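Trainee: Sharing structure-v6.pdb (PDB, C-alpha atoms, pLDDT in the B column) below.
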```pdb
ATOM      1  CA  MET A   1    -211.639  86.360  55.660  1.00 60.00           C
ATOM      2  CA  ARG A   2    -210.735  86.484  51.985  1.00 62.00           C
ATOM      3  CA  SER A   3    -209.435  90.064  52.280  1.00 65.00           C
ATOM      4  CA  SER A   4    -207.187  89.020  55.208  1.00 65.00           C
ATOM      5  CA  LYS A   5    -205.615  86.290  53.061  1.00 61.00           C
ATOM      6  CA  ILE A   6    -205.031  88.765  50.226  1.00 64.00           C
ATOM      7  CA  LYS A   7    -203.387  91.238  52.628  1.00 62.00           C
ATOM      8  CA  LEU A   8    -201.197  88.484  54.070  1.00 56.00           C
ATOM      9  CA  PHE A   9    -200.269  87.358  50.542  1.00 55.00           C
ATOM     10  CA  VAL A  10    -199.305  90.923  49.536  1.00 53.00           C
ATOM     11  CA  ILE A  11    -197.277  91.468  52.710  1.00 61.00           C
ATOM     12  CA  LEU A  12    -195.398  88.179  52.246  1.00 50.00           C
ATOM     13  CA  ASN A  13    -194.641  89.070  48.619  1.00 53.00           C
ATOM     14  CA  VAL A  14    -193.292  92.499  49.628  1.00 52.00           C
ATOM     15  CA  ILE A  15    -191.083  90.900  52.286  1.00 60.00           C
ATOM     16  CA  LEU A  16    -189.834  88.308  49.784  1.00 49.00           C
ATOM     17  CA  PHE A  17    -189.143  91.053  47.222  1.00 55.00           C
ATOM     18  CA  LEU A  18    -187.115  93.018  49.794  1.00 54.00           C
ATOM     19  CA  ILE A  19    -185.110  89.956  50.841  1.00 58.00           C
ATOM     20  CA  VAL A  20    -184.302  89.028  47.243  1.00 50.00           C
ATOM     21  CA  GLY A  21    -183.397  92.645  46.427  1.00 52.00           C
ATOM     22  CA  CYS A  22    -181.033  92.881  49.391  1.00 50.00           C
ATOM     23  CA  ASN A  23    -179.376  89.568  48.519  1.00 47.00           C
ATOM     24  CA  ASN A  24    -178.790  90.671  44.907  1.00 45.00           C
ATOM     25  CA  GLY A  25    -177.035  93.796  46.188  1.00 44.00           C
ATOM     26  CA  ASN A  26    -174.761  91.644  48.332  1.00 40.00           C
ATOM     27  CA  LYS A  27    -173.905  89.403  45.386  1.00 40.00           C
ATOM     28  CA  GLU A  28    -172.835  92.415  43.338  1.00 42.00           C
ATOM     29  CA  ARG A  29    -170.593  93.611  46.172  1.00 38.00           C
ATOM     30  CA  ALA A  30    -169.096  90.137  46.575  1.00 38.00           C
ATOM     31  CA  VAL A  31    -167.195  90.690  43.322  1.00 49.00           C
ATOM     32  CA  ASN A  32    -164.311  92.957  44.298  1.00 62.00           C
ATOM     33  CA  GLU A  33    -164.158  95.593  41.628  1.00 92.00           C
ATOM     34  CA  PHE A  34    -160.829  97.185  40.773  1.00 95.00           C
ATOM     35  CA  SER A  35    -160.721 100.880  39.955  1.00 96.00           C
ATOM     36  CA  ILE A  36    -158.442 103.888  39.919  1.00 96.00           C
ATOM     37  CA  TYR A  37    -159.755 107.265  41.081  1.00 97.00           C
ATOM     38  CA  LEU A  38    -158.072 110.615  40.549  1.00 96.00           C
ATOM     39  CA  VAL A  39    -157.373 112.634  43.674  1.00 97.00           C
ATOM     40  CA  LYS A  40    -159.368 115.839  43.521  1.00 95.00           C
ATOM     41  CA  ASP A  41    -157.663 119.260  43.727  1.00 93.00           C
ATOM     42  CA  LEU A  42    -154.312 118.123  45.179  1.00 95.00           C
ATOM     43  CA  SER A  43    -150.822 117.880  43.705  1.00 92.00           C
ATOM     44  CA  THR A  44    -148.861 114.663  44.037  1.00 91.00           C
ATOM     45  CA  THR A  45    -146.720 116.053  46.863  1.00 90.00           C
ATOM     46  CA  GLU A  46    -149.805 117.378  48.696  1.00 95.00           C
ATOM     47  CA  ALA A  47    -151.510 113.979  48.362  1.00 95.00           C
ATOM     48  CA  MET A  48    -148.404 112.216  49.692  1.00 92.00           C
ATOM     49  CA  SER A  49    -148.568 114.304  52.865  1.00 94.00           C
ATOM     50  CA  LYS A  50    -152.116 113.157  53.714  1.00 96.00           C
ATOM     51  CA  LYS A  51    -153.576 109.907  55.007  1.00 97.00           C
ATOM     52  CA  LEU A  52    -155.013 107.691  52.280  1.00 96.00           C
ATOM     53  CA  ASP A  53    -158.528 107.795  53.747  1.00 97.00           C
ATOM     54  CA  ASP A  54    -158.440 111.601  53.950  1.00 97.00           C
ATOM     55  CA  LEU A  55    -157.767 112.152  50.240  1.00 97.00           C
ATOM     56  CA  PRO A  56    -160.676 113.694  48.303  1.00 97.00           C
ATOM     57  CA  LEU A  57    -161.441 111.495  45.284  1.00 97.00           C
ATOM     58  CA  GLU A  58    -163.325 112.242  42.098  1.00 95.00           C
ATOM     59  CA  THR A  59    -166.799 110.670  42.095  1.00 94.00           C
ATOM     60  CA  ILE A  60    -166.228 108.630  38.921  1.00 94.00           C
ATOM     61  CA  PRO A  61    -163.132 106.426  38.490  1.00 95.00           C
ATOM     62  CA  VAL A  62    -160.722 107.268  35.688  1.00 94.00           C
ATOM     63  CA  LEU A  63    -160.166 103.534  35.094  1.00 94.00           C
ATOM     64  CA  THR A  64    -162.170 100.426  35.996  1.00 95.00           C
ATOM     65  CA  ASP A  65    -161.624  96.702  35.637  1.00 95.00           C
ATOM     66  CA  LYS A  66    -164.191  96.749  32.810  1.00 95.00           C
ATOM     67  CA  GLU A  67    -161.729  98.769  30.706  1.00 95.00           C
ATOM     68  CA  ILE A  68    -158.723  96.542  31.449  1.00 95.00           C
ATOM     69  CA  ARG A  69    -158.147  93.598  29.130  1.00 95.00           C
ATOM     70  CA  THR A  70    -155.262  91.911  31.006  1.00 95.00           C
ATOM     71  CA  TYR A  71    -153.061  92.519  34.036  1.00 95.00           C
ATOM     72  CA  ASN A  72    -149.584  90.966  34.081  1.00 95.00           C
ATOM     73  CA  TRP A  73    -149.120  90.349  37.799  1.00 95.00           C
ATOM     74  CA  THR A  74    -145.363  89.707  37.623  1.00 92.00           C
ATOM     75  CA  GLU A  75    -144.571  92.953  35.788  1.00 93.00           C
ATOM     76  CA  HIS A  76    -147.571  94.995  37.014  1.00 94.00           C
ATOM     77  CA  GLU A  77    -148.434  95.904  33.440  1.00 94.00           C
ATOM     78  CA  PHE A  78    -151.972  96.179  32.171  1.00 94.00           C
ATOM     79  CA  THR A  79    -153.484  96.407  28.728  1.00 92.00           C
ATOM     80  CA  MET A  80    -156.600  98.327  27.811  1.00 92.00           C
ATOM     81  CA  LYS A  81    -159.591  96.936  25.943  1.00 93.00           C
ATOM     82  CA  GLU A  82    -159.925  97.962  22.331  1.00 90.00           C
ATOM     83  CA  GLY A  83    -161.412 101.413  21.898  1.00 87.00           C
ATOM     84  CA  ILE A  84    -160.505 102.531  25.444  1.00 87.00           C
ATOM     85  CA  SER A  85    -157.766 105.138  25.681  1.00 84.00           C
ATOM     86  CA  LEU A  86    -156.244 106.061  29.009  1.00 87.00           C
ATOM     87  CA  GLU A  87    -154.205 108.627  27.065  1.00 83.00           C
ATOM     88  CA  GLU A  88    -157.366 110.437  25.987  1.00 83.00           C
ATOM     89  CA  LYS A  89    -158.917 110.242  29.450  1.00 84.00           C
ATOM     90  CA  LEU A  90    -155.855 111.925  30.985  1.00 83.00           C
ATOM     91  CA  GLU A  91    -154.719 114.203  28.147  1.00 72.00           C
ATOM     92  CA  VAL A  92    -155.051 117.492  30.028  1.00 69.00           C
ATOM     93  CA  LYS A  93    -155.151 116.172  33.569  1.00 76.00           C
ATOM     94  CA  VAL A  94    -151.459 115.224  33.984  1.00 83.00           C
ATOM     95  CA  PRO A  95    -149.450 118.324  34.906  1.00 84.00           C
ATOM     96  CA  ALA A  96    -145.648 118.429  35.051  1.00 79.00           C
ATOM     97  CA  GLY A  97    -145.751 117.438  38.730  1.00 82.00           C
ATOM     98  CA  GLY A  98    -147.925 114.386  38.084  1.00 87.00           C
ATOM     99  CA  LYS A  99    -151.564 113.636  38.882  1.00 93.00           C
ATOM    100  CA  PRO A 100    -152.223 111.561  42.016  1.00 95.00           C
ATOM    101  CA  PHE A 101    -154.572 108.591  41.971  1.00 96.00           C
ATOM    102  CA  VAL A 102    -155.825 105.991  44.425  1.00 98.00           C
ATOM    103  CA  VAL A 103    -156.205 102.290  43.633  1.00 97.00           C
ATOM    104  CA  VAL A 104    -159.483 100.992  45.069  1.00 97.00           C
ATOM    105  CA  VAL A 105    -160.782  97.434  45.440  1.00 96.00           C
ATOM    106  CA  GLY A 106    -164.493  97.308  46.155  1.00 94.00           C
ATOM    107  CA  ASN A 107    -164.899 100.284  48.479  1.00 92.00           C
ATOM    108  CA  GLU A 108    -161.457  99.967  50.098  1.00 95.00           C
ATOM    109  CA  ARG A 109    -158.599 102.318  49.242  1.00 97.00           C
ATOM    110  CA  ILE A 110    -155.423 100.287  48.755  1.00 96.00           C
ATOM    111  CA  TYR A 111    -152.669 102.731  47.810  1.00 96.00           C
ATOM    112  CA  LEU A 112    -151.744 106.158  46.456  1.00 96.00           C
ATOM    113  CA  GLY A 113    -149.937 106.462  43.151  1.00 94.00           C
ATOM    114  CA  THR A 114    -149.386 109.089  40.472  1.00 92.00           C
ATOM    115  CA  PHE A 115    -149.767 109.434  36.739  1.00 91.00           C
ATOM    116  CA  TRP A 116    -146.481 110.881  35.512  1.00 87.00           C
ATOM    117  CA  SER A 117    -145.456 112.329  32.175  1.00 80.00           C
ATOM    118  CA  HIS A 118    -142.323 111.201  30.332  1.00 71.00           C
ATOM    119  CA  LEU A 119    -142.206 114.767  29.026  1.00 67.00           C
ATOM    120  CA  SER A 120    -142.029 116.311  32.496  1.00 63.00           C
ATOM    121  CA  SER A 121    -138.900 118.266  33.262  1.00 55.00           C
ATOM    122  CA  GLN A 122    -139.656 117.999  36.977  1.00 59.00           C
ATOM    123  CA  PHE A 123    -138.011 115.287  39.008  1.00 57.00           C
ATOM    124  CA  LEU A 124    -139.481 113.965  42.199  1.00 59.00           C
ATOM    125  CA  ASP A 125    -137.924 111.217  44.228  1.00 63.00           C
ATOM    126  CA  LEU A 126    -141.250 109.425  44.537  1.00 72.00           C
ATOM    127  CA  ASP A 127    -141.982 106.831  47.160  1.00 83.00           C
ATOM    128  CA  ILE A 128    -145.285 105.909  45.551  1.00 90.00           C
ATOM    129  CA  PRO A 129    -146.109 103.828  42.481  1.00 92.00           C
ATOM    130  CA  ARG A 130    -146.407 105.679  39.173  1.00 90.00           C
ATOM    131  CA  ILE A 131    -147.847 105.110  35.738  1.00 89.00           C
ATOM    132  CA  SER A 132    -145.847 107.003  33.121  1.00 84.00           C
ATOM    133  CA  SER A 133    -146.723 108.000  29.577  1.00 82.00           C
ATOM    134  CA  ASN A 134    -146.698 111.071  27.329  1.00 72.00           C
ATOM    135  CA  TRP A 135    -150.477 111.486  27.833  1.00 65.00           C
ATOM    136  CA  LEU A 136    -151.046 112.742  24.312  1.00 65.00           C
ATOM    137  CA  LYS A 137    -154.408 112.613  22.601  1.00 68.00           C
ATOM    138  CA  GLY A 138    -154.392 110.208  19.674  1.00 69.00           C
ATOM    139  CA  SER A 139    -151.705 107.953  21.132  1.00 70.00           C
ATOM    140  CA  ASP A 140    -152.135 104.289  20.265  1.00 71.00           C
ATOM    141  CA  ASN A 141    -150.588 103.162  23.550  1.00 77.00           C
ATOM    142  CA  ASP A 142    -152.640 100.391  25.148  1.00 84.00           C
ATOM    143  CA  MET A 143    -150.112  98.998  27.664  1.00 87.00           C
ATOM    144  CA  TYR A 144    -149.142 100.679  30.920  1.00 89.00           C
ATOM    145  CA  LYS A 145    -146.779  99.660  33.692  1.00 91.00           C
ATOM    146  CA  ILE A 146    -147.248 100.559  37.335  1.00 91.00           C
ATOM    147  CA  ARG A 147    -143.712 101.144  38.565  1.00 89.00           C
ATOM    148  CA  SER A 148    -142.976 100.813  42.268  1.00 86.00           C
ATOM    149  CA  GLY A 149    -141.954 103.587  44.612  1.00 71.00           C
ATOM    150  CA  LYS A 150    -138.461 103.848  46.085  1.00 70.00           C
ATOM    151  CA  ILE A 151    -139.196 102.157  49.409  1.00 71.00           C
ATOM    152  CA  GLN A 152    -142.781 100.914  49.613  1.00 71.00           C
ATOM    153  CA  ASP A 153    -144.321  98.580  47.060  1.00 82.00           C
ATOM    154  CA  PRO A 154    -148.059  98.209  47.667  1.00 91.00           C
ATOM    155  CA  ARG A 155    -148.728  96.777  44.189  1.00 90.00           C
ATOM    156  CA  ASP A 156    -148.642  93.174  45.472  1.00 90.00           C
ATOM    157  CA  ASP A 157    -151.633  93.649  47.787  1.00 92.00           C
ATOM    158  CA  THR A 158    -153.627  90.412  48.049  1.00 92.00           C
ATOM    159  CA  LYS A 159    -156.950  92.273  47.651  1.00 94.00           C
ATOM    160  CA  ILE A 160    -155.846  93.633  44.279  1.00 93.00           C
ATOM    161  CA  PHE A 161    -154.688  90.187  43.193  1.00 93.00           C
ATOM    162  CA  GLY A 162    -157.916  88.544  44.372  1.00 93.00           C
ATOM    163  CA  ALA A 163    -160.093  91.093  42.592  1.00 93.00           C
ATOM    164  CA  LEU A 164    -158.205  90.959  39.279  1.00 94.00           C
ATOM    165  CA  LYS A 165    -157.878  87.164  39.368  1.00 92.00           C
ATOM    166  CA  GLY A 166    -161.575  86.767  40.207  1.00 92.00           C
ATOM    167  CA  LEU A 167    -162.408  88.948  37.205  1.00 92.00           C
ATOM    168  CA  GLY A 168    -160.215  86.833  34.901  1.00 92.00           C
ATOM    169  CA  LYS A 169    -157.730  89.663  34.206  1.00 94.00           C
ATOM    170  CA  VAL A 170    -154.502  88.221  35.702  1.00 94.00           C
ATOM    171  CA  ILE A 171    -151.890  86.717  33.412  1.00 91.00           C
ATOM    172  CA  ASN A 172    -148.291  85.593  34.030  1.00 78.00           C
ATOM    173  CA  LEU A 173    -148.437  84.509  37.670  1.00 63.00           C
TER
END
```
Written as structure tokens, that's how I'd like the structure from this file.

Mentor:
Amino acid sequence: MRSSKIKLFVILNVILFLIVGCNNGNKERAVNEFSIYLVKDLSTTEAMSKKLDDLPLETIPVLTDKEIRTYNWTEHEFTMKEGISLEEKLEVKVPAGGKPFVVVVGNERIYLGTFWSHLSSQFLDLDIPRISSNWLKGSDNDMYKIRSGKIQDPRDDTKIFGALKGLGKVINL
């Protein structure tokens, strides 16, 4: 009889442990994380010709909400936390034709954009948002603006706003 109670006690504890573990996972996913992933092995023009969900993304984001200090919602400008350099992360990865990225909230892809170099002699009439810089190692730049495309402007997506606001990053509403 005593061994049956011990078995029942162990089984109930395992079930409770599993329930609590599953609930903690759901709580973590309830916070919509904001991240930017580089598109793997495609040029900007190649990426623009594909569906958003079909784009191959790098496994690790190039930028996450944990590295962003503030996001000015009106201007779509963001500042980096001290010691984090987007310039250094992208130093060799931004070719003359740009480097495509995808903005992701949680696990949902929101829009395609491109990192673009001010030094590029190429001109593309882009219909996607872009983040421009010189992308030089050692740059002290800590503010970046996401400029809109010619026709579409997906930057105002409510999921992006909700995620950044929920994380306390949004300024200048």

Trainee: Check the smallest atom-to-atom distance from each of A:Val170, A:Leu38, A:Met48, A:Ala163 to Gly106 (chain A) using all atoms listed in the file, then report the winner.

Mentor: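 Ranked by minimum distance to Gly106 (chain A), first place goes to A:Ala163.
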
Trainee: What gap, in Å, lies between CA of Gly166 (chain A) and CA of Leu90 (chain A)?

Mentor: 27.4 Å

Trainee: Selection in question (the file shown): the PyMOL selection byres ((chain A and resi 140) around 12). Which residues does it include, as a list in words?

Mentor: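 On the file shown, the PyMOL selection byres ((chain A and resi 140) around 12) covers Thr79, Met80, Lys81, Glu82, Gly83, Ile84, Ser85, Leu86, Glu87, Glu88, Ser133, Asn134, Trp135, Leu136, Lys137, Gly138, Ser139, Asn141, Asp142, Met143 and Tyr144 of chain A.
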
Trainee: Tell me which protein, DNA and RNA residues are within 6 Å of region 60-72 of chain A, counting only C-alpha atoms, leaving out same-chain ones fewer than 4 positions away, and put them as JSON, numbers by chain.

Mentor: {"A": [34, 35, 36, 37, 76, 77, 78, 79, 80, 81, 169, 170, 171, 172]}

Trainee: Apply the PyMOL selection byres ((chain A and resi 50-58) around 9) to the structure shown and report the selected residues as a list in words.

Mentor: Tyr37, Leu38, Val39, Lys40, Asp41, Leu42, Glu46, Ala47, Met48, Ser49, Thr59, Ile60, Pro61, Val62, Phe101, Val102, Arg109, Ile110, Tyr111 and Leu112 of chain A

Trainee: Give me, please, the distance in Å between CA of Gly149 (chain A) and CA of Ser43 (chain A), quoted to one decimal.

Mentor: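 Here the two named atoms are 16.8 Å from each other.
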
Trainee: What does the structure give for the distance between CA of Glu75 (chain A) and CA of Ile160 (chain A), in Å to one decimal?

Mentor: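 Computing the Euclidean distance for CA of Glu75 (chain A) and CA of Ile160 (chain A) yields 14.1 Å.
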
Trainee: To verify the selection step, state as a ChimeraX atom specification which residues the PyMOL selection byres ((chain A and resi 146) around 6) yields on this input.

Mentor: /A:76,130-131,145,147

Trainee: Using all atoms listed in the file, which of the listed residues (A:Pro95, A:Val103, A:Leu167, A:Arg155) sits closest to His118 (chain A)?

Mentor: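 Of A:Pro95, A:Val103, A:Leu167, A:Arg155, the one nearest His118 (chain A) is A:Pro95, counting all atoms listed in the file.
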
Trainee: So that I can see what lies close to Gln152 (chain A), please list as a list in words the residues with an atom at most 8 Å from it, counting all atoms listed in the file and leaving out residues fewer than 3 positions away in the same chain.

Mentor: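 Counting only the stated atoms, we get Asp127, Ile128, Ser148 and Gly149 of chain A.
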